>>> print(open('input15.cif').read())   # mmCIF, C-alpha atoms
data_data
#
loop_
_atom_site.group_PDB
_atom_site.id
_atom_site.type_symbol
_atom_site.label_atom_id
_atom_site.label_comp_id
_atom_site.auth_asym_id
_atom_site.auth_seq_id
_atom_site.Cartn_x
_atom_site.Cartn_y
_atom_site.Cartn_z
ATOM 1 C CA MET S 1 -19.820 -136.629 94.526
ATOM 2 C CA LYS S 2 -19.722 -133.007 93.386
ATOM 3 C CA LYS S 3 -21.028 -132.043 89.982
ATOM 4 C CA LYS S 4 -19.144 -129.465 87.957
ATOM 5 C CA GLY S 5 -20.980 -126.809 85.975
ATOM 6 C CA PHE S 6 -23.646 -124.172 86.405
ATOM 7 C CA THR S 7 -27.207 -124.560 87.499
ATOM 8 C CA LEU S 8 -30.081 -123.388 85.314
ATOM 9 C CA VAL S 9 -30.785 -120.490 87.684
ATOM 10 C CA GLU S 10 -27.177 -119.277 87.464
ATOM 11 C CA LEU S 11 -27.240 -119.412 83.655
ATOM 12 C CA LEU S 12 -30.555 -117.519 83.524
ATOM 13 C CA ALA S 13 -29.182 -114.874 85.901
ATOM 14 C CA VAL S 14 -26.133 -114.343 83.655
ATOM 15 C CA ILE S 15 -28.356 -114.111 80.560
ATOM 16 C CA VAL S 16 -30.609 -111.524 82.242
ATOM 17 C CA ILE S 17 -27.623 -109.440 83.368
ATOM 18 C CA LEU S 18 -26.058 -109.569 79.881
ATOM 19 C CA THR S 19 -29.400 -108.569 78.309
ATOM 20 C CA ILE S 20 -29.659 -105.538 80.598
ATOM 21 C CA VAL S 21 -26.081 -104.445 79.870
ATOM 22 C CA ILE S 22 -26.545 -104.861 76.095
ATOM 23 C CA THR S 23 -29.847 -102.931 76.173
ATOM 24 C CA ILE S 24 -28.272 -100.009 78.032
ATOM 25 C CA GLY S 25 -25.310 -99.963 75.661
ATOM 26 C CA PHE S 26 -27.497 -100.202 72.563
ATOM 27 C CA THR S 27 -29.752 -97.307 73.609
ATOM 28 C CA SER S 28 -26.675 -95.174 74.337
ATOM 29 C CA VAL S 29 -25.253 -95.896 70.887
ATOM 30 C CA ILE S 30 -28.586 -95.006 69.253
ATOM 31 C CA ARG S 31 -28.761 -91.721 71.195
ATOM 32 C CA VAL S 32 -25.201 -90.785 70.203
ATOM 33 C CA ARG S 33 -25.961 -91.589 66.553
ATOM 34 C CA GLU S 34 -29.130 -89.461 66.559
ATOM 35 C CA ASN S 35 -27.287 -86.525 68.145
ATOM 36 C CA SER S 36 -24.528 -86.836 65.542
ATOM 37 C CA LEU S 37 -27.049 -86.822 62.699
ATOM 38 C CA ARG S 38 -28.734 -83.709 64.132
ATOM 39 C CA GLU S 39 -25.349 -81.978 64.327
ATOM 40 C CA ILE S 40 -24.677 -82.853 60.679
ATOM 41 C CA VAL S 41 -28.046 -81.357 59.681
ATOM 42 C CA ASP S 42 -27.273 -78.215 61.726
ATOM 43 C CA THR S 43 -23.972 -77.915 59.859
ATOM 44 C CA LYS S 44 -25.773 -78.279 56.530
ATOM 45 C CA ILE S 45 -28.231 -75.554 57.564
ATOM 46 C CA GLU S 46 -25.288 -73.285 58.404
ATOM 47 C CA GLN S 47 -23.828 -74.079 54.969
ATOM 48 C CA ILE S 48 -27.133 -73.138 53.311
ATOM 49 C CA GLU S 49 -27.080 -69.815 55.173
ATOM 50 C CA GLN S 50 -23.458 -69.162 54.179
ATOM 51 C CA ALA S 51 -24.221 -69.992 50.538
ATOM 52 C CA ALA S 52 -27.202 -67.612 50.733
ATOM 53 C CA ILE S 53 -24.974 -64.796 52.007
ATOM 54 C CA LEU S 54 -22.573 -65.361 49.112
ATOM 55 C CA TYR S 55 -25.526 -65.396 46.727
ATOM 56 C CA GLY S 56 -26.845 -62.135 48.219
ATOM 57 C CA GLN S 57 -23.453 -60.453 47.958
ATOM 58 C CA GLU S 58 -23.084 -61.341 44.295
ATOM 59 C CA ASN S 59 -26.729 -60.694 43.417
ATOM 60 C CA SER S 60 -27.592 -57.750 45.663
ATOM 61 C CA GLU S 61 -29.752 -56.254 42.884
ATOM 62 C CA GLU S 62 -32.220 -59.113 43.547
ATOM 63 C CA LEU S 63 -32.869 -57.885 47.099
ATOM 64 C CA THR S 64 -35.912 -55.923 45.975
ATOM 65 C CA ASN S 65 -38.782 -57.688 47.728
ATOM 66 C CA THR S 66 -40.348 -55.248 50.179
ATOM 67 C CA ASP S 67 -42.866 -57.771 51.539
ATOM 68 C CA CYS S 68 -40.317 -59.416 53.820
ATOM 69 C CA PRO S 69 -41.337 -61.657 56.713
ATOM 70 C CA GLU S 70 -40.539 -60.721 60.297
ATOM 71 C CA ILE S 71 -37.192 -62.113 61.454
ATOM 72 C CA THR S 72 -36.277 -63.039 65.012
ATOM 73 C CA THR S 73 -32.631 -63.459 65.953
ATOM 74 C CA THR S 74 -31.039 -64.430 69.261
ATOM 75 C CA VAL S 75 -27.488 -63.421 70.146
ATOM 76 C CA ASN S 76 -25.586 -64.283 73.312
ATOM 77 C CA ARG S 77 -24.081 -61.131 74.804
ATOM 78 C CA ASN S 78 -22.110 -61.417 78.045
ATOM 79 C CA GLY S 79 -23.832 -64.678 78.926
ATOM 80 C CA GLN S 80 -27.324 -63.292 78.256
ATOM 81 C CA ASP S 81 -29.470 -64.266 75.272
ATOM 82 C CA VAL S 82 -30.700 -61.092 73.553
ATOM 83 C CA THR S 83 -33.622 -61.573 71.151
ATOM 84 C CA THR S 84 -34.338 -59.051 68.409
ATOM 85 C CA THR S 85 -37.358 -59.034 66.111
ATOM 86 C CA PHE S 86 -37.436 -56.865 62.994
ATOM 87 C CA THR S 87 -38.728 -56.742 59.439
ATOM 88 C CA PRO S 88 -36.026 -56.142 56.833
ATOM 89 C CA GLU S 89 -36.639 -53.440 54.272
ATOM 90 C CA PHE S 90 -35.466 -55.576 51.325
ATOM 91 C CA CYS S 91 -35.078 -59.308 50.971
ATOM 92 C CA VAL S 92 -35.274 -62.271 48.626
ATOM 93 C CA ILE S 93 -36.338 -65.813 49.462
ATOM 94 C CA LYS S 94 -34.430 -68.679 47.857
ATOM 95 C CA THR S 95 -34.434 -72.447 48.220
ATOM 96 C CA ALA S 96 -31.375 -74.574 48.874
ATOM 97 C CA GLY S 97 -31.966 -75.967 45.383
ATOM 98 C CA ASP S 98 -31.616 -72.444 43.908
ATOM 99 C CA LEU S 99 -28.284 -72.050 45.700
ATOM 100 C CA ILE S 100 -27.078 -75.482 44.580
ATOM 101 C CA ASN S 101 -28.082 -74.805 40.951
ATOM 102 C CA SER S 102 -26.348 -71.407 41.057
ATOM 103 C CA GLY S 103 -23.086 -72.981 42.248
ATOM 104 C CA PHE S 104 -22.974 -71.269 45.641
ATOM 105 C CA PHE S 105 -23.026 -74.420 47.709
ATOM 106 C CA ASP S 106 -19.964 -76.331 48.931
ATOM 107 C CA SER S 107 -19.961 -79.595 46.964
ATOM 108 C CA GLY S 108 -18.554 -81.496 49.969
ATOM 109 C CA TYR S 109 -22.043 -81.669 51.457
ATOM 110 C CA LEU S 110 -23.869 -82.630 48.267
ATOM 111 C CA THR S 111 -24.720 -86.090 46.995
ATOM 112 C CA GLU S 112 -22.237 -87.756 44.655
ATOM 113 C CA ASP S 113 -23.967 -86.349 41.576
ATOM 114 C CA GLY S 114 -23.698 -82.847 43.080
ATOM 115 C CA LEU S 115 -27.402 -82.160 42.614
ATOM 116 C CA ASP S 116 -28.909 -82.717 46.042
ATOM 117 C CA LEU S 117 -28.458 -82.123 49.741
ATOM 118 C CA ILE S 118 -29.892 -84.766 52.063
ATOM 119 C CA ASN S 119 -31.260 -84.243 55.580
ATOM 120 C CA ASP S 120 -29.441 -86.994 57.487
ATOM 121 C CA VAL S 121 -32.161 -87.256 60.147
ATOM 122 C CA THR S 122 -35.140 -87.757 57.794
ATOM 123 C CA ASP S 123 -33.271 -88.890 54.632
ATOM 124 C CA LYS S 124 -35.248 -86.302 52.635
ATOM 125 C CA SER S 125 -33.970 -83.794 50.120
ATOM 126 C CA MET S 126 -33.205 -80.325 51.479
ATOM 127 C CA ARG S 127 -33.592 -78.670 48.045
ATOM 128 C CA GLU S 128 -36.965 -77.157 49.004
ATOM 129 C CA ASP S 129 -35.789 -75.756 52.349
ATOM 130 C CA THR S 130 -36.066 -71.965 52.114
ATOM 131 C CA VAL S 131 -33.744 -69.232 53.299
ATOM 132 C CA ILE S 132 -34.367 -65.491 53.593
ATOM 133 C CA ILE S 133 -31.548 -63.298 52.279
ATOM 134 C CA TYR S 134 -31.781 -59.717 53.498
ATOM 135 C CA ARG S 135 -29.832 -56.494 53.829
ATOM 136 C CA ARG S 136 -29.417 -54.780 57.189
ATOM 137 C CA ASN S 137 -27.019 -51.930 57.938
ATOM 138 C CA ASN S 138 -25.477 -52.335 54.460
ATOM 139 C CA ARG S 139 -24.567 -55.974 55.146
ATOM 140 C CA ILE S 140 -26.054 -59.126 53.669
ATOM 141 C CA TYR S 141 -27.471 -61.699 56.085
ATOM 142 C CA SER S 142 -29.442 -64.898 55.748
ATOM 143 C CA ILE S 143 -31.584 -67.027 57.977
ATOM 144 C CA ILE S 144 -33.178 -70.388 57.320
ATOM 145 C CA ASP S 145 -36.922 -69.891 57.004
ATOM 146 C CA ASP S 146 -38.631 -73.219 56.415
ATOM 147 C CA ILE S 147 -36.985 -76.617 56.777
ATOM 148 C CA LYS S 148 -39.389 -78.732 54.745
ATOM 149 C CA SER S 149 -37.030 -81.715 54.895
ATOM 150 C CA ASN S 150 -37.766 -82.054 58.653
ATOM 151 C CA GLU S 151 -41.442 -82.723 58.008
ATOM 152 C CA GLU S 152 -42.577 -86.302 58.332
#
>>> encode(input="input15.cif", output="structure tokens")
Amino acid sequence: MKKKGFTLVELLAVIVILTIVITIGFTSVIRVRENSLREIVDTKIEQIEQAAILYGQENSEELTNTDCPEITTTVNRNGQDVTTTFTPEFCVIKTAGDLINSGFFDSGYLTEDGLDLINDVTDKSMREDTVIIYRRNNRIYSIIDDIKSNEE
């Protein structure tokens, strides 16, 4: 007489295999989510820099600080990364909160009340993140200086 069904060993083997497959899939989903959140934060940083440029263009008379920090930029030219370090002659340092309060920030990235910008990786406010606005070759530039919202 033959019994129908699975043995305990066969059932345990299937459970182990399913556990391994689920673990691999779950870690992949977590990694994709973390990368997506980092990309969102990078986009928000770019938005802060763009808002700072707009602020600098409309308030160029504020670019009077002569004690500017050294700035390092990297540009890809013909497949080669070219790094330049310089100290701007005039600059002003603002926070993301200053730019939000002044109306220079795209409201699509702000919280529903329009008063805050959240770092999606740490869930902290980005209002205290600072950006340097400076003039170089008669153009206004900006670069993020201190991302306090990344601190644990």
>>> residues_around(input="input15.cif", residues="region 137-146 of chain S", least_positions_apart="2", cutoff="12 Å", atoms="all atoms listed in the file", output="ChimeraX atom specification")
/S:42,44-63,68-74,88-96,126-135,148-151
>>> atom_distance(input="input15.cif", atom1="CA of Glu112 (chain S)", atom2="CA of Glu34 (chain S)")
23.0 Å
>>> resolve_selection(input="input15.cif", expression="the PyMOL selection byres ((chain S and resi 120) around 12)", output="list in words")
Arg33, Glu34, Asn35, Ser36, Leu37, Arg38, Glu39, Ile40, Val41, Asp42, Thr43, Lys44, Ile45, Tyr109, Leu110, Thr111, Leu117, Ile118, Asn119, Val121, Thr122, Asp123, Lys124, Ser125, Met126, Ser149 and Asn150 of chain S
>>> write_last_selection(input="input15.cif", atoms="C-alpha atoms", output="PDB file, in the coordinates of the input")
ATOM      1  CA  ARG S  33     -25.961 -91.589  66.553  1.00  0.00           C
ATOM      2  CA  GLU S  34     -29.130 -89.461  66.559  1.00  0.00           C
ATOM      3  CA  ASN S  35     -27.287 -86.525  68.145  1.00  0.00           C
ATOM      4  CA  SER S  36     -24.528 -86.836  65.542  1.00  0.00           C
ATOM      5  CA  LEU S  37     -27.049 -86.822  62.699  1.00  0.00           C
ATOM      6  CA  ARG S  38     -28.734 -83.709  64.132  1.00  0.00           C
ATOM      7  CA  GLU S  39     -25.349 -81.978  64.327  1.00  0.00           C
ATOM      8  CA  ILE S  40     -24.677 -82.853  60.679  1.00  0.00           C
ATOM      9  CA  VAL S  41     -28.046 -81.357  59.681  1.00  0.00           C
ATOM     10  CA  ASP S  42     -27.273 -78.215  61.726  1.00  0.00           C
ATOM     11  CA  THR S  43     -23.972 -77.915  59.859  1.00  0.00           C
ATOM     12  CA  LYS S  44     -25.773 -78.279  56.530  1.00  0.00           C
ATOM     13  CA  ILE S  45     -28.231 -75.554  57.564  1.00  0.00           C
ATOM     14  CA  TYR S 109     -22.043 -81.669  51.457  1.00  0.00           C
ATOM     15  CA  LEU S 110     -23.869 -82.630  48.267  1.00  0.00           C
ATOM     16  CA  THR S 111     -24.720 -86.090  46.995  1.00  0.00           C
ATOM     17  CA  LEU S 117     -28.458 -82.123  49.741  1.00  0.00           C
ATOM     18  CA  ILE S 118     -29.892 -84.766  52.063  1.00  0.00           C
ATOM     19  CA  ASN S 119     -31.260 -84.243  55.580  1.00  0.00           C
ATOM     20  CA  VAL S 121     -32.161 -87.256  60.147  1.00  0.00           C
ATOM     21  CA  THR S 122     -35.140 -87.757  57.794  1.00  0.00           C
ATOM     22  CA  ASP S 123     -33.271 -88.890  54.632  1.00  0.00           C
ATOM     23  CA  LYS S 124     -35.248 -86.302  52.635  1.00  0.00           C
ATOM     24  CA  SER S 125     -33.970 -83.794  50.120  1.00  0.00           C
ATOM     25  CA  MET S 126     -33.205 -80.325  51.479  1.00  0.00           C
ATOM     26  CA  SER S 149     -37.030 -81.715  54.895  1.00  0.00           C
ATOM     27  CA  ASN S 150     -37.766 -82.054  58.653  1.00  0.00           C
TER      28      ASN S 150
END
>>> atom_distance(input="input15.cif", atom1="CA of Gly103 (chain S)", atom2="CA of Asp67 (chain S)")
26.6 Å
>>> atom_distance(input="input15.cif", atom1="CA of Ile20 (chain S)", atom2="CA of Leu8 (chain S)")
18.5 Å
>>> axis_aligned_box(input="input15.cif", around="region 6-20 of chain S", padding_each_side="4 Å", output="lines of an AutoDock Vina configuration file")
center_x = -27.2
center_y = -115.0
center_z = 83.0
size_x = 15.1
size_y = 27.0
size_z = 17.4
>>> closest_residue(input="input15.cif", among="S:Asp116, S:Val75, S:Thr87, S:Ala13", to="Ile100 (chain S)", atoms="all atoms listed in the file")
S:Asp116
